[in-house]
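Asks: protein_35.txt (compact mmCIF, C-alpha atoms and all ligand atoms) pasted underneath:
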```txt
# COMPACT_ATOMS: atom_id res chain seq x y z
CA MET E 5 96.20 14.49 40.58
CA SER E 6 94.18 13.41 37.53
CA GLN E 7 91.01 11.54 38.27
CA LYS E 8 90.86 10.17 34.75
CA VAL E 9 92.05 6.63 34.18
CA SER E 10 92.40 4.37 31.17
CA GLY E 11 92.44 0.58 31.17
CA PHE E 12 90.86 0.55 34.63
CA SER E 13 88.81 -2.59 33.97
CA LYS E 14 92.04 -4.50 33.23
CA LEU E 15 93.56 -3.78 36.65
CA THR E 16 93.36 -6.40 39.40
CA LYS E 17 90.68 -5.88 42.00
CA GLU E 18 93.22 -4.79 44.58
CA ALA E 19 94.86 -2.37 42.17
CA LYS E 20 91.45 -0.88 41.43
CA ILE E 21 90.88 -0.35 45.13
CA ASP E 22 94.32 1.23 45.53
CA TRP E 23 93.59 3.63 42.68
CA LEU E 24 90.26 4.54 44.23
CA VAL E 25 91.72 5.05 47.69
CA THR E 26 94.56 7.20 46.37
CA HIS E 27 92.29 9.41 44.30
CA PHE E 28 89.13 9.68 46.38
CA LEU E 29 89.36 8.13 49.81
CA HIS E 30 92.58 9.47 51.31
CA GLN E 31 90.62 11.17 54.08
CA SER E 32 89.12 7.87 55.29
CA LYS E 33 92.00 6.16 56.97
CA ASP E 34 90.42 2.69 56.94
CA ALA E 35 88.92 2.90 53.46
CA LYS E 36 90.88 0.02 51.96
CA LYS E 37 90.40 -2.12 55.05
CA THR E 38 86.64 -1.47 54.95
CA LEU E 39 86.34 -2.45 51.32
CA LEU E 40 88.42 -5.59 51.91
CA THR E 41 86.37 -6.54 54.99
CA TYR E 42 83.42 -7.20 52.73
CA TRP E 43 85.29 -9.68 50.53
CA ASN E 44 84.10 -13.20 51.05
CA ASN E 45 86.66 -15.70 52.33
CA ASP E 46 85.36 -18.25 49.88
CA ASN E 47 87.23 -17.28 46.71
CA ASP E 48 84.87 -19.10 44.37
CA LEU E 49 81.84 -17.39 45.88
CA GLN E 50 83.59 -14.04 45.71
CA GLN E 51 84.52 -14.59 42.09
CA LEU E 52 80.92 -15.50 41.28
CA HIS E 53 79.75 -12.17 42.68
CA ASP E 54 82.60 -10.24 41.07
CA GLU E 55 81.58 -11.60 37.70
CA PHE E 56 77.99 -10.40 37.96
CA SER E 57 79.24 -6.97 36.99
CA GLU E 58 82.18 -4.94 35.74
CA ASN E 59 84.77 -3.21 37.96
CA THR E 60 83.52 -4.96 41.09
CA LEU E 61 85.57 -3.93 44.12
CA THR E 62 83.74 -5.53 47.00
CA ASN E 63 80.26 -6.57 48.13
CA PHE E 64 77.47 -4.31 49.33
CA TYR E 65 75.33 -5.91 52.03
CA LEU E 66 71.56 -5.57 52.25
CA PRO E 67 69.58 -7.36 54.95
CA PHE E 68 67.87 -10.56 53.81
CA GLY E 69 64.90 -11.33 56.05
CA ILE E 70 61.64 -13.23 55.96
CA ALA E 71 58.01 -12.36 56.56
CA PRO E 72 56.21 -15.53 57.67
CA ASN E 73 52.51 -16.52 57.87
CA PHE E 74 51.29 -15.37 54.48
CA THR E 75 48.23 -17.38 53.51
CA ILE E 76 47.79 -17.04 49.75
CA ASN E 77 45.02 -19.04 48.07
CA ASN E 78 44.87 -21.23 51.20
CA LYS E 79 48.59 -22.09 51.04
CA VAL E 80 51.00 -20.75 53.65
CA TYR E 81 54.13 -18.96 52.48
CA THR E 82 57.16 -17.51 54.17
CA ILE E 83 58.25 -14.60 52.02
CA PRO E 84 61.93 -13.68 51.70
CA MET E 85 62.60 -9.93 51.54
CA THR E 86 65.80 -8.03 50.80
CA ILE E 87 65.49 -4.47 52.04
CA GLU E 88 67.29 -1.95 54.21
CA GLU E 89 64.27 0.09 55.36
CA SER E 90 63.77 -0.88 58.98
CA SER E 91 59.99 -1.18 59.23
CA VAL E 92 59.15 -2.98 55.98
CA VAL E 93 59.53 -6.62 57.01
CA ALA E 94 57.84 -5.99 60.34
CA ALA E 95 54.88 -4.30 58.62
CA ALA E 96 54.57 -7.16 56.11
CA SER E 97 54.62 -9.77 58.87
CA LYS E 98 51.98 -7.87 60.82
CA ALA E 99 49.70 -7.55 57.79
CA ALA E 100 50.19 -11.26 56.99
CA LYS E 101 49.11 -12.21 60.50
CA PHE E 102 46.13 -9.85 60.40
CA TRP E 103 44.79 -11.23 57.11
CA ASP E 104 45.62 -14.82 58.01
CA LYS E 105 42.80 -14.64 60.54
CA ARG E 106 40.44 -13.23 57.90
CA GLY E 107 40.78 -15.78 55.10
CA GLY E 108 44.21 -14.78 53.81
CA PHE E 109 45.09 -13.33 50.42
CA LYS E 110 43.45 -14.36 47.15
CA THR E 111 45.34 -13.92 43.90
CA LYS E 112 44.88 -14.43 40.19
CA VAL E 113 47.24 -13.99 37.25
CA ILE E 114 45.21 -12.14 34.64
CA SER E 115 47.70 -12.16 31.75
CA THR E 116 51.35 -12.94 31.03
CA GLU E 117 52.14 -11.29 27.72
CA LYS E 118 55.52 -9.57 27.21
CA ILE E 119 56.30 -6.94 24.60
CA GLY E 120 59.26 -6.05 22.40
CA GLN E 121 59.59 -3.58 19.53
CA VAL E 122 61.74 -2.99 16.48
CA HIS E 123 61.72 0.77 15.89
CA PHE E 124 62.61 1.75 12.32
CA SER E 125 62.45 4.48 9.70
CA PHE E 126 60.89 3.86 6.28
CA LEU E 127 60.82 6.54 3.62
CA GLY E 128 57.45 5.55 2.19
CA GLY E 129 53.76 5.24 3.05
CA PHE E 130 52.06 2.87 5.47
CA GLU E 131 49.96 1.08 2.84
CA LYS E 132 52.94 -0.04 0.78
CA LEU E 133 54.83 -1.02 3.91
CA SER E 134 51.84 -2.93 5.20
CA THR E 135 51.53 -4.98 1.98
CA PHE E 136 55.22 -5.81 2.21
CA PHE E 137 54.97 -6.67 5.92
CA ASN E 138 52.03 -9.06 5.37
CA LYS E 139 53.97 -10.79 2.61
CA ILE E 140 57.16 -11.28 4.63
CA LYS E 141 55.62 -11.93 8.06
CA PRO E 142 55.99 -15.74 7.69
CA GLN E 143 59.69 -15.22 6.86
CA LEU E 144 60.13 -13.03 9.94
CA ILE E 145 58.56 -15.72 12.11
CA ASP E 146 60.68 -18.35 10.43
CA SER E 147 63.86 -16.35 11.10
CA ILE E 148 63.58 -17.03 14.85
CA LYS E 149 62.75 -20.72 14.46
CA SER E 150 65.91 -21.97 16.16
CA ILE E 151 66.01 -19.12 18.69
CA GLN E 152 62.56 -19.97 19.98
CA SER E 153 62.67 -23.76 19.70
CA SER E 154 63.37 -24.47 23.38
CA MET E 155 61.06 -21.67 24.53
CA LYS E 156 58.32 -23.27 22.41
CA LYS E 157 58.95 -26.64 24.05
CA ARG E 158 58.28 -24.94 27.39
CA GLY E 159 54.98 -23.58 26.09
CA GLY E 160 56.15 -20.08 25.17
CA GLY E 161 57.47 -18.18 22.18
CA LEU E 162 56.37 -15.44 19.84
CA ILE E 163 52.65 -14.65 19.98
CA ASP E 164 52.39 -12.12 17.17
CA ILE E 165 54.14 -9.38 15.21
CA GLU E 166 52.16 -6.30 14.30
CA LEU E 167 53.22 -3.42 12.07
CA ARG E 168 52.41 -0.06 13.62
CA ASP E 169 52.31 3.31 11.92
CA LYS E 170 53.85 5.91 14.24
CA THR E 171 54.42 8.61 11.61
CA LEU E 172 52.04 11.02 13.30
CA GLU E 173 54.32 10.98 16.37
CA VAL E 174 57.71 10.99 14.60
CA ASN E 175 58.44 11.44 10.86
CA ASN E 176 58.84 8.15 8.95
CA TYR E 177 58.67 6.17 12.21
CA TYR E 178 57.16 2.68 12.13
CA GLN E 179 57.53 -0.26 14.44
CA LEU E 180 57.22 -4.00 14.62
CA HIS E 181 55.27 -4.44 17.82
CA CYS E 182 55.91 -8.00 18.97
CA THR E 183 54.25 -9.96 21.73
CA PHE E 184 55.72 -12.98 23.49
CA GLU E 185 54.98 -15.60 26.10
CA THR E 186 58.13 -16.37 28.05
CA VAL E 187 56.64 -18.81 30.62
CA ASP E 188 58.94 -19.02 33.68
CA ALA E 189 61.67 -16.76 32.33
CA MET E 190 61.55 -12.98 32.60
CA GLY E 191 62.55 -13.31 28.96
CA ALA E 192 64.59 -10.15 28.35
CA ASN E 193 67.43 -11.96 26.57
CA PHE E 194 65.09 -14.17 24.60
CA ILE E 195 62.96 -11.24 23.46
CA ASN E 196 65.91 -9.03 22.56
CA THR E 197 67.56 -11.83 20.57
CA CYS E 198 64.31 -12.40 18.63
CA LEU E 199 63.92 -8.67 17.98
CA GLU E 200 67.44 -8.26 16.66
CA GLU E 201 66.85 -11.19 14.33
CA PHE E 202 63.57 -9.67 13.11
CA ALA E 203 65.31 -6.36 12.52
CA GLN E 204 68.09 -7.94 10.49
CA THR E 205 65.70 -10.08 8.42
CA PHE E 206 63.36 -7.14 7.88
CA LYS E 207 66.17 -4.92 6.67
CA VAL E 208 67.51 -7.52 4.22
CA LEU E 209 64.06 -8.36 2.83
CA ALA E 210 63.21 -4.67 2.41
CA PHE E 211 66.48 -4.12 0.56
CA ASN E 212 65.54 -6.88 -1.89
CA GLU E 213 61.91 -5.86 -2.27
CA GLU E 214 61.23 -5.15 -5.94
CA SER E 215 58.15 -2.99 -5.38
CA PHE E 216 60.17 -0.56 -3.22
CA THR E 217 61.90 2.56 -4.58
CA GLU E 218 65.61 2.94 -3.86
CA ALA E 219 64.77 5.18 -0.86
CA GLU E 220 62.18 2.73 0.46
CA LYS E 221 64.68 -0.13 0.26
CA GLU E 222 66.93 1.65 2.78
CA VAL E 223 65.02 0.80 5.94
CA GLU E 224 66.90 2.20 8.90
CA ILE E 225 66.66 0.15 12.06
CA ILE E 226 66.76 2.62 14.93
CA MET E 227 66.68 0.07 17.75
CA SER E 228 65.33 -3.31 18.80
CA ILE E 229 64.44 -3.72 22.46
CA LEU E 230 61.91 -5.24 24.81
CA SER E 231 59.49 -2.94 26.58
CA ASN E 232 59.34 -2.85 30.36
CA TYR E 233 55.80 -1.57 30.03
CA VAL E 234 53.77 -4.77 30.26
CA PRO E 235 50.12 -3.81 30.74
CA ASN E 236 49.14 -7.31 29.61
CA CYS E 237 51.25 -9.10 32.21
CA ILE E 238 48.98 -8.44 35.15
CA VAL E 239 48.37 -10.04 38.51
CA ARG E 240 45.61 -9.27 40.98
CA ALA E 241 45.84 -9.83 44.74
CA GLU E 242 43.09 -9.05 47.19
CA VAL E 243 41.86 -9.35 50.74
CA SER E 244 38.34 -8.96 52.03
CA CYS E 245 36.40 -9.39 55.23
CA PRO E 246 33.21 -8.19 56.89
CA VAL E 247 33.61 -4.58 57.99
CA ALA E 248 32.89 -5.72 61.56
CA ASP E 249 36.12 -7.78 61.51
CA LEU E 250 38.33 -4.74 60.95
CA PRO E 251 40.23 -3.08 63.83
CA ASN E 252 37.82 -1.64 66.35
CA THR E 253 39.11 0.86 68.89
CA LYS E 254 37.73 3.53 71.20
CA GLN E 255 38.89 6.20 68.77
CA LEU E 256 37.73 4.45 65.59
CA SER E 257 34.91 1.92 65.22
CA ALA E 258 35.37 -0.85 62.64
CA LYS E 259 32.94 0.95 60.33
CA ALA E 260 34.75 4.27 60.73
CA TYR E 261 38.07 2.48 60.18
CA ALA E 262 36.80 0.93 56.92
CA GLU E 263 35.47 4.25 55.68
CA LYS E 264 38.66 6.11 56.59
CA PHE E 265 40.76 3.42 54.88
CA VAL E 266 38.69 3.57 51.69
CA ARG E 267 38.91 7.37 51.75
CA ALA E 268 42.70 7.26 52.17
CA VAL E 269 42.98 4.98 49.14
CA ARG E 270 40.56 7.21 47.20
CA ILE E 271 42.86 10.17 47.89
CA ALA E 272 45.77 8.19 46.46
CA GLU E 273 43.64 7.38 43.39
CA LYS E 274 42.91 11.04 42.77
CA GLU E 275 45.89 13.00 44.10
CA PRO E 276 49.23 12.31 42.35
CA TYR E 277 51.37 13.71 45.20
CA ARG E 278 49.83 11.17 47.54
CA ALA E 279 49.69 8.45 44.88
CA VAL E 280 53.47 8.48 44.40
CA THR E 281 54.12 7.96 48.11
CA HIS E 282 51.31 5.42 48.40
CA ASN E 283 52.81 3.45 45.50
CA LYS E 284 56.31 3.88 46.93
CA GLY E 285 55.06 2.03 50.01
CA ILE E 286 53.68 -0.73 47.77
CA MET E 287 57.06 -0.96 46.03
CA ASN E 288 58.76 -1.35 49.45
CA GLY E 289 57.15 -4.78 49.59
CA ILE E 290 57.39 -5.57 45.90
CA ASP E 291 61.04 -4.63 45.37
CA ALA E 292 62.10 -6.50 48.50
CA VAL E 293 60.76 -9.79 47.11
CA VAL E 294 61.84 -8.98 43.56
CA ILE E 295 65.43 -8.45 44.76
CA ALA E 296 65.42 -11.49 47.06
CA THR E 297 64.28 -13.67 44.15
CA GLY E 298 66.95 -12.31 41.79
CA ASN E 299 64.62 -10.34 39.55
CA ASP E 300 65.14 -6.93 37.97
CA PHE E 301 63.62 -4.35 40.31
CA ARG E 302 64.28 -1.44 37.92
CA ALA E 303 62.18 -3.13 35.25
CA ILE E 304 59.41 -3.81 37.76
CA GLU E 305 59.52 -0.23 39.09
CA ALA E 306 59.42 1.33 35.60
CA GLY E 307 56.55 -0.91 34.49
CA ALA E 308 54.53 -0.44 37.68
CA HIS E 309 54.71 3.35 37.64
CA ALA E 310 53.86 3.50 33.93
CA TYR E 311 50.84 1.32 34.66
CA ALA E 312 49.87 3.60 37.52
CA ALA E 313 49.71 6.44 34.98
CA LYS E 314 47.85 4.51 32.27
CA SER E 315 44.76 6.73 32.46
CA GLY E 316 46.89 9.79 31.77
CA GLN E 317 47.00 10.72 35.44
CA TYR E 318 49.29 9.02 37.93
CA SER E 319 47.13 7.08 40.37
CA SER E 320 47.11 4.44 43.09
CA LEU E 321 47.97 0.83 42.27
CA THR E 322 45.62 -0.38 45.01
CA HIS E 323 41.89 0.13 45.42
CA ALA E 324 39.46 -0.32 48.30
CA THR E 325 35.69 -0.62 48.50
CA ILE E 326 32.94 -1.34 50.98
CA GLU E 327 29.97 -3.19 49.50
CA ASN E 328 27.22 -4.88 51.51
CA ASP E 329 29.31 -4.46 54.67
CA ILE E 330 32.26 -6.25 53.09
CA PHE E 331 35.59 -4.46 53.00
CA ASN E 332 37.60 -5.28 49.89
CA PHE E 333 41.17 -4.18 49.20
CA TYR E 334 43.08 -5.14 46.05
CA ILE E 335 46.03 -4.46 43.81
CA GLU E 336 46.43 -4.96 40.08
CA ILE E 337 49.98 -4.60 38.89
CA PRO E 338 52.15 -5.64 35.95
CA LEU E 339 54.94 -7.96 37.07
CA ALA E 340 57.26 -9.45 34.47
CA VAL E 341 59.34 -11.79 36.62
CA GLY E 342 61.13 -15.07 36.14
CA THR E 343 61.99 -18.08 38.26
CA ILE E 344 64.49 -19.45 35.77
CA GLY E 345 67.38 -17.72 34.01
CA GLY E 346 69.18 -14.55 35.08
CA LEU E 347 70.43 -14.58 38.66
CA THR E 348 67.89 -17.20 39.76
CA SER E 349 70.24 -20.14 39.42
CA LEU E 350 73.47 -18.21 39.99
CA HIS E 351 73.09 -16.31 43.24
CA PRO E 352 73.23 -18.78 46.14
CA VAL E 353 70.89 -16.74 48.35
CA VAL E 354 68.42 -16.22 45.51
CA LYS E 355 68.31 -19.99 45.07
CA LEU E 356 67.48 -20.34 48.75
CA ALA E 357 64.83 -17.61 48.51
CA LEU E 358 63.08 -19.51 45.74
CA GLU E 359 63.33 -22.70 47.77
CA ILE E 360 61.77 -20.93 50.79
CA LEU E 361 58.87 -20.04 48.50
CA GLY E 362 58.53 -23.70 47.44
CA LYS E 363 60.21 -23.21 44.03
CA PRO E 364 57.34 -21.26 42.48
CA ASN E 365 56.80 -20.89 38.77
CA ALA E 366 56.70 -17.35 37.38
CA LYS E 367 52.93 -17.05 37.74
CA GLU E 368 53.05 -18.10 41.38
CA LEU E 369 55.90 -15.67 41.99
CA MET E 370 53.83 -12.86 40.42
CA GLU E 371 51.08 -13.70 42.92
CA ILE E 372 53.43 -13.75 45.90
CA ILE E 373 55.03 -10.44 44.93
CA ALA E 374 51.66 -8.76 44.42
CA VAL E 375 50.63 -9.96 47.87
CA ALA E 376 53.79 -8.49 49.39
CA GLY E 377 52.90 -5.15 47.79
CA LEU E 378 49.30 -5.25 48.96
CA ALA E 379 50.30 -6.28 52.49
CA GLN E 380 52.83 -3.48 52.67
CA ASN E 381 50.26 -0.95 51.51
CA PHE E 382 47.75 -2.27 54.03
CA GLY E 383 50.33 -1.84 56.79
CA ALA E 384 51.19 1.72 55.70
CA VAL E 385 47.60 2.93 55.25
CA ASN E 386 46.60 1.23 58.51
CA SER E 387 49.31 3.14 60.38
CA LEU E 388 48.63 6.39 58.57
CA ILE E 389 44.92 6.44 59.45
CA THR E 390 45.44 5.33 63.06
CA THR E 391 48.64 5.97 65.01
CA GLY E 392 50.56 7.74 62.25
CA ILE E 393 53.57 6.27 60.52
CA GLN E 394 56.33 7.49 62.81
CA LYS E 395 55.50 5.38 65.84
CA GLY E 396 56.30 2.06 64.21
CA HIS E 397 58.91 3.52 61.92
CA MET E 398 60.95 5.16 64.68
CA LYS E 399 60.69 2.07 66.84
CA MET E 400 62.31 0.06 64.08
CA HIS E 401 64.75 2.89 63.36
CA LEU E 402 65.88 3.04 66.98
CA LEU E 403 68.72 0.58 66.50
CA ASN E 404 70.00 2.55 63.50
CA ILE E 405 70.20 5.69 65.65
CA LEU E 406 71.94 3.80 68.44
CA ASN E 407 74.42 2.29 65.99
CA GLN E 408 75.12 5.71 64.50
CA HIS E 409 76.16 6.81 68.00
CA GLN E 410 78.25 3.71 68.68
CA ALA E 411 76.00 2.51 71.51
CA THR E 412 77.33 -0.53 73.37
CA GLU E 413 75.22 -3.67 73.75
CA ASN E 414 74.32 -2.69 77.34
CA GLU E 415 73.35 0.83 76.27
CA LYS E 416 71.19 -0.60 73.48
CA LYS E 417 69.44 -2.97 75.86
CA ALA E 418 68.65 -0.21 78.35
CA ILE E 419 67.45 2.24 75.74
CA VAL E 420 65.31 -0.27 73.85
CA THR E 421 63.65 -1.12 77.18
CA TYR E 422 63.09 2.57 77.92
CA PHE E 423 61.41 3.14 74.53
CA GLU E 424 59.04 0.21 74.93
CA LYS E 425 56.91 2.68 76.88
CA ASN E 426 58.03 6.00 75.39
CA THR E 427 57.83 7.66 71.99
CA VAL E 428 61.00 7.35 69.92
CA THR E 429 62.35 10.61 68.55
CA HIS E 430 65.89 11.20 67.39
CA SER E 431 66.56 13.84 70.06
CA GLU E 432 65.06 11.73 72.84
CA VAL E 433 67.28 8.78 71.89
CA ILE E 434 70.36 11.01 72.06
CA HIS E 435 69.16 12.45 75.36
CA GLN E 436 68.69 8.98 76.87
CA LEU E 437 72.10 7.94 75.61
CA GLU E 438 73.71 11.00 77.19
CA LEU E 439 71.90 10.33 80.48
CA LEU E 440 73.24 6.78 80.49
CA ARG E 441 76.77 7.86 79.61
CA ASN E 442 76.85 10.51 82.33
C1 LIG E 501 57.73 4.74 53.54
O1 LIG E 501 58.82 4.03 53.02
C2 LIG E 501 56.47 4.35 52.84
C3 LIG E 501 55.21 5.15 53.25
O2 LIG E 501 55.44 6.54 53.09
C4 LIG E 501 54.11 4.67 52.35
C5 LIG E 501 52.84 5.47 52.45
O3 LIG E 501 52.86 6.64 52.83
O4 LIG E 501 51.78 4.89 52.11
C6 LIG E 501 54.89 4.90 54.68
```
Just give me the structure as structure tokens.
Replies:
Amino acid sequence: MSQKVSGFSKLTKEAKIDWLVTHFLHQSKDAKKTLLTYWNNDNDLQQLHDEFSENTLTNFYLPFGIAPNFTINNKVYTIPMTIEESSVVAAASKAAKFWDKRGGFKTKVISTEKIGQVHFSFLGGFEKLSTFFNKIKPQLIDSIKSIQSSMKKRGGGLIDIELRDKTLEVNNYYQLHCTFETVDAMGANFINTCLEEFAQTFKVLAFNEESFTEAEKEVEIIMSILSNYVPNCIVRAEVSCPVADLPNTKQLSAKAYAEKFVRAVRIAEKEPYRAVTHNKGIMNGIDAVVIATGNDFRAIEAGAHAYAAKSGQYSSLTHATIENDIFNFYIEIPLAVGTIGGLTSLHPVVKLALEILGKPNAKELMEIIAVAGLAQNFGAVNSLITTGIQKGHMKMHLLNILNQHQATENEKKAIVTYFEKNTVTHSEVIHQLELLRN
């Protein structure tokens, strides 16, 4: 049976599911039922979600939870998180509580500049192009007058357009490197619309430029697109406390804990294999809030990892120091997020998430997200240098294992109680389940 199909997007949702079941899911006897189970009974709500994307068949659930007790700049926040990994919300909540007693998190937005580029080919030299660019720059800016009028009213808009010579990297390659302030919007649509207008205007003006040769007049626009690398859209979040206020156990004094923590972060700064995992843990917290607040987690991920490699070597996004017996732990990360536009006013749960956060503006949301990343990293490094990561992780994963083995509510209760005092391993959970069932 052919697995190719034409006109698929025009089929009804049910017909799409039937096609899928016939071609791919015939071995799963309840496939159609399962897909239909996730349809929402509220047709309007379902249609809203269907229209977010193309070829939508059903909904895909992710848990939406909250991590309370985050004190950020002396204000208390409850942070919504959308994530499937079992230990993330618990770790965030624990870190929030820990730092709440030690002055909470302090944050600062360092910069908010966004970037977009028009990439083009010009069959002439930089000097001639530069003279032309300087002459027409006011016309380029004027070309987006109506596009940016409402953004300007909100305090944003184009910051500057710069001509860059990239011919050493790629033959005849130049770019218009444009910077923007997009205030409370992530700004992707705004920036891309401006860039496409610049490209069009630039091409037409070049074609009519008398000082250009025929070849020079034929500017080829390769592409116009925002950059998700935003090294000038940076937020800093930090925690600090006297070393003596850090966890103090028989195995590890507070001083030894601080030193081990700093050393663990130092390893992530210097060793890329560790840095990637270290930053992955940070992104557990960051993505969860980014998704819950309707922002683009792929853009955030791409930008964060590029920033982590800005020195030429991939490194940690967090840093830790001990100075004058004060332990300091901080993150600096690019976060281009919005609290208006995109999904923020469309997705009903996103709207609630923003309300839970007190309807933050984009800068405040940057601060909250950075805190979630720092807290998550604190939780991970804390576990890694003390008990190891598996203890907490497996405890949270226990229910997943029980669900995989269709444990009943009574079985779950008994086994969760048993593992309050015993180490969770996959085989031990199965063993306990078998004991109960026999
Ligand atoms: C797991 O999702 C994240 C960690 O591996 C992060 C880390 O190692 O720092 C625990």
Asks: Please identify every polymer residue within 7 Å of ligand LIG 501 (chain E), using all atoms listed in the file, and present the set as a short mmCIF file (atom, residue, chain, number, x, y, z; two decimals) with C-alpha atoms, in the coordinates of the input.
Replies:
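Done, and the output landed in selection.cif:
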```
data_model
loop_
_atom_site.label_atom_id
_atom_site.label_comp_id
_atom_site.auth_asym_id
_atom_site.auth_seq_id
_atom_site.Cartn_x
_atom_site.Cartn_y
_atom_site.Cartn_z
CA THR E 281 54.12 7.96 48.11
CA HIS E 282 51.31 5.42 48.40
CA ASN E 283 52.81 3.45 45.50
CA LYS E 284 56.31 3.88 46.93
CA GLY E 285 55.06 2.03 50.01
CA ASN E 288 58.76 -1.35 49.45
CA ASN E 381 50.26 -0.95 51.51
CA ALA E 384 51.19 1.72 55.70
CA VAL E 385 47.60 2.93 55.25
CA ILE E 393 53.57 6.27 60.52
#
```
Asks: Using all atoms of range 361-370 of chain E that appear in the file, construct an axis-aligned enclosing box with 3 Å of padding on every side and provide its centre coordinates and edge lengths in Å, rounded to one decimal, as AutoDock Vina command-line options.
Replies:
```
--center_x 56.6 --center_y -18.3 --center_z 42.9 --size_x 13.3 --size_y 16.8 --size_z 17.1
```
Asks: Using all atoms listed in the file, can you tell me which of E:Ile195, E:Leu15, E:Ile335, E:Leu180 comes closest to Gln152 in chain E?
Replies: E:Ile195
Asks: Show which residues sit within 12 Å of Glu275 in chain E, as a ChimeraX atom specification. Count all atoms listed in the file, and ignore same-chain residues fewer than 6 positions away.
Replies: /E:267-269,281-283,313,317-320
Asks: Dump C-alpha atoms for the selected residues as a PDB file, in the frame of the given file?
Replies:
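Output (part-v8.pdb):
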```pdb
ATOM      1  CA  ARG E 267      38.910   7.370  51.750  1.00  0.00           C
ATOM      2  CA  ALA E 268      42.700   7.260  52.170  1.00  0.00           C
ATOM      3  CA  VAL E 269      42.980   4.980  49.140  1.00  0.00           C
ATOM      4  CA  THR E 281      54.120   7.960  48.110  1.00  0.00           C
ATOM      5  CA  HIS E 282      51.310   5.420  48.400  1.00  0.00           C
ATOM      6  CA  ASN E 283      52.810   3.450  45.500  1.00  0.00           C
ATOM      7  CA  ALA E 313      49.710   6.440  34.980  1.00  0.00           C
ATOM      8  CA  GLN E 317      47.000  10.720  35.440  1.00  0.00           C
ATOM      9  CA  TYR E 318      49.290   9.020  37.930  1.00  0.00           C
ATOM     10  CA  SER E 319      47.130   7.080  40.370  1.00  0.00           C
ATOM     11  CA  SER E 320      47.110   4.440  43.090  1.00  0.00           C
TER      12      SER E 320
END
```
Asks: Select, from E:Ala303, E:Ile165, E:Ile229, E:Ile326, the residue with the minimum atom-to-atom distance to Lys259 in chain E, counting only C-alpha atoms.
Replies: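 Under the stated criterion, the closest residue is E:Ile326.
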Asks: Work out how far CA of Gly392 in chain E is from CA of Ser431 in chain E, in Å to one decimal.
Replies: 18.8 Å
Asks: Residues within 7 Å of Ile114 in chain E, please, as a PyMOL selection string. Count only C-alpha atoms; anything in the same chain fewer than 5 positions from it doesn't count.
Replies: chain E and resi 238-240
Asks: From the set E:Ala292, E:Leu127, E:Leu230, E:Ala324, which residue has the shortest atom-to-atom contact distance to Ala262 in chain E, counting all atoms listed in the file?
Replies: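 For Ala262 in chain E, the nearest of the given residues is E:Ala324.
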Asks: Give me the residues within 8 Å of His181 in chain E as a PyMOL selection string, counting all atoms listed in the file and dropping any in the same chain fewer than 6 places off.
Replies: chain E and resi 119-122+165-168
Asks: E:Arg106, E:His430, E:Lys264, E:His409: which is nearest Leu388 in chain E, counting only C-alpha atoms?
Replies: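 Selected residue with least distance to Leu388 in chain E: E:Lys264.
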Asks: Taking only C-alpha atoms into account, name the residue in E:Gln410, E:Asn138, E:Thr86, E:Gln380 that is nearest to Leu66 in chain E.
Replies: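 With only C-alpha atoms as the atom set, the closest residue is E:Thr86.
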Asks: Find the residues around range 338-343 of chain E up to 7 Å (all atoms listed in the file counted), leave out those fewer than 3 positions away in its own chain, and share them as a ChimeraX atom specification.
Replies: /E:188-190,234-235,237-239,299,304,307-308,348,365-366,370
Asks: Identify, on the basis of all atoms listed in the file, every residue whose closest approach to Ser349 in chain E does not exceed 12 Å; exclude the query and any residue fewer than 4 positions from it along the same chain; express the result as a PDB file with C-alpha atoms, keeping the file's coordinate frame.
Replies:
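The result, written out as around28.pdb:
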```
ATOM      1  CA  LEU E  52      80.920 -15.500  41.280  1.00  0.00           C
ATOM      2  CA  ALA E 189      61.670 -16.760  32.330  1.00  0.00           C
ATOM      3  CA  THR E 297      64.280 -13.670  44.150  1.00  0.00           C
ATOM      4  CA  GLY E 298      66.950 -12.310  41.790  1.00  0.00           C
ATOM      5  CA  ASN E 299      64.620 -10.340  39.550  1.00  0.00           C
ATOM      6  CA  GLY E 342      61.130 -15.070  36.140  1.00  0.00           C
ATOM      7  CA  THR E 343      61.990 -18.080  38.260  1.00  0.00           C
ATOM      8  CA  ILE E 344      64.490 -19.450  35.770  1.00  0.00           C
ATOM      9  CA  GLY E 345      67.380 -17.720  34.010  1.00  0.00           C
ATOM     10  CA  VAL E 353      70.890 -16.740  48.350  1.00  0.00           C
ATOM     11  CA  VAL E 354      68.420 -16.220  45.510  1.00  0.00           C
ATOM     12  CA  LYS E 355      68.310 -19.990  45.070  1.00  0.00           C
ATOM     13  CA  LEU E 356      67.480 -20.340  48.750  1.00  0.00           C
ATOM     14  CA  ALA E 357      64.830 -17.610  48.510  1.00  0.00           C
ATOM     15  CA  LEU E 358      63.080 -19.510  45.740  1.00  0.00           C
ATOM     16  CA  GLU E 359      63.330 -22.700  47.770  1.00  0.00           C
ATOM     17  CA  LYS E 363      60.210 -23.210  44.030  1.00  0.00           C
TER      18      LYS E 363
END
```
Asks: Return the single residue from E:His123, E:Lys14, E:His309, E:Arg302 that is closest to Pro276 in chain E, with distances computed using all atoms listed in the file.
Replies: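 Going through E:His123, E:Lys14, E:His309, E:Arg302 one by one, the smallest distance to Pro276 in chain E is for E:His309.
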Asks: Enter the distance from CA of Ile360 in chain E to CA of Tyr65 in chain E, in Å, rounded to one decimal.
Replies: 20.3 Å
Asks: Could you tell me how far CA of Gly108 in chain E sits from CA of Gly377 in chain E, in Å to one decimal place?
Replies: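 So the answer is 14.3 Å.
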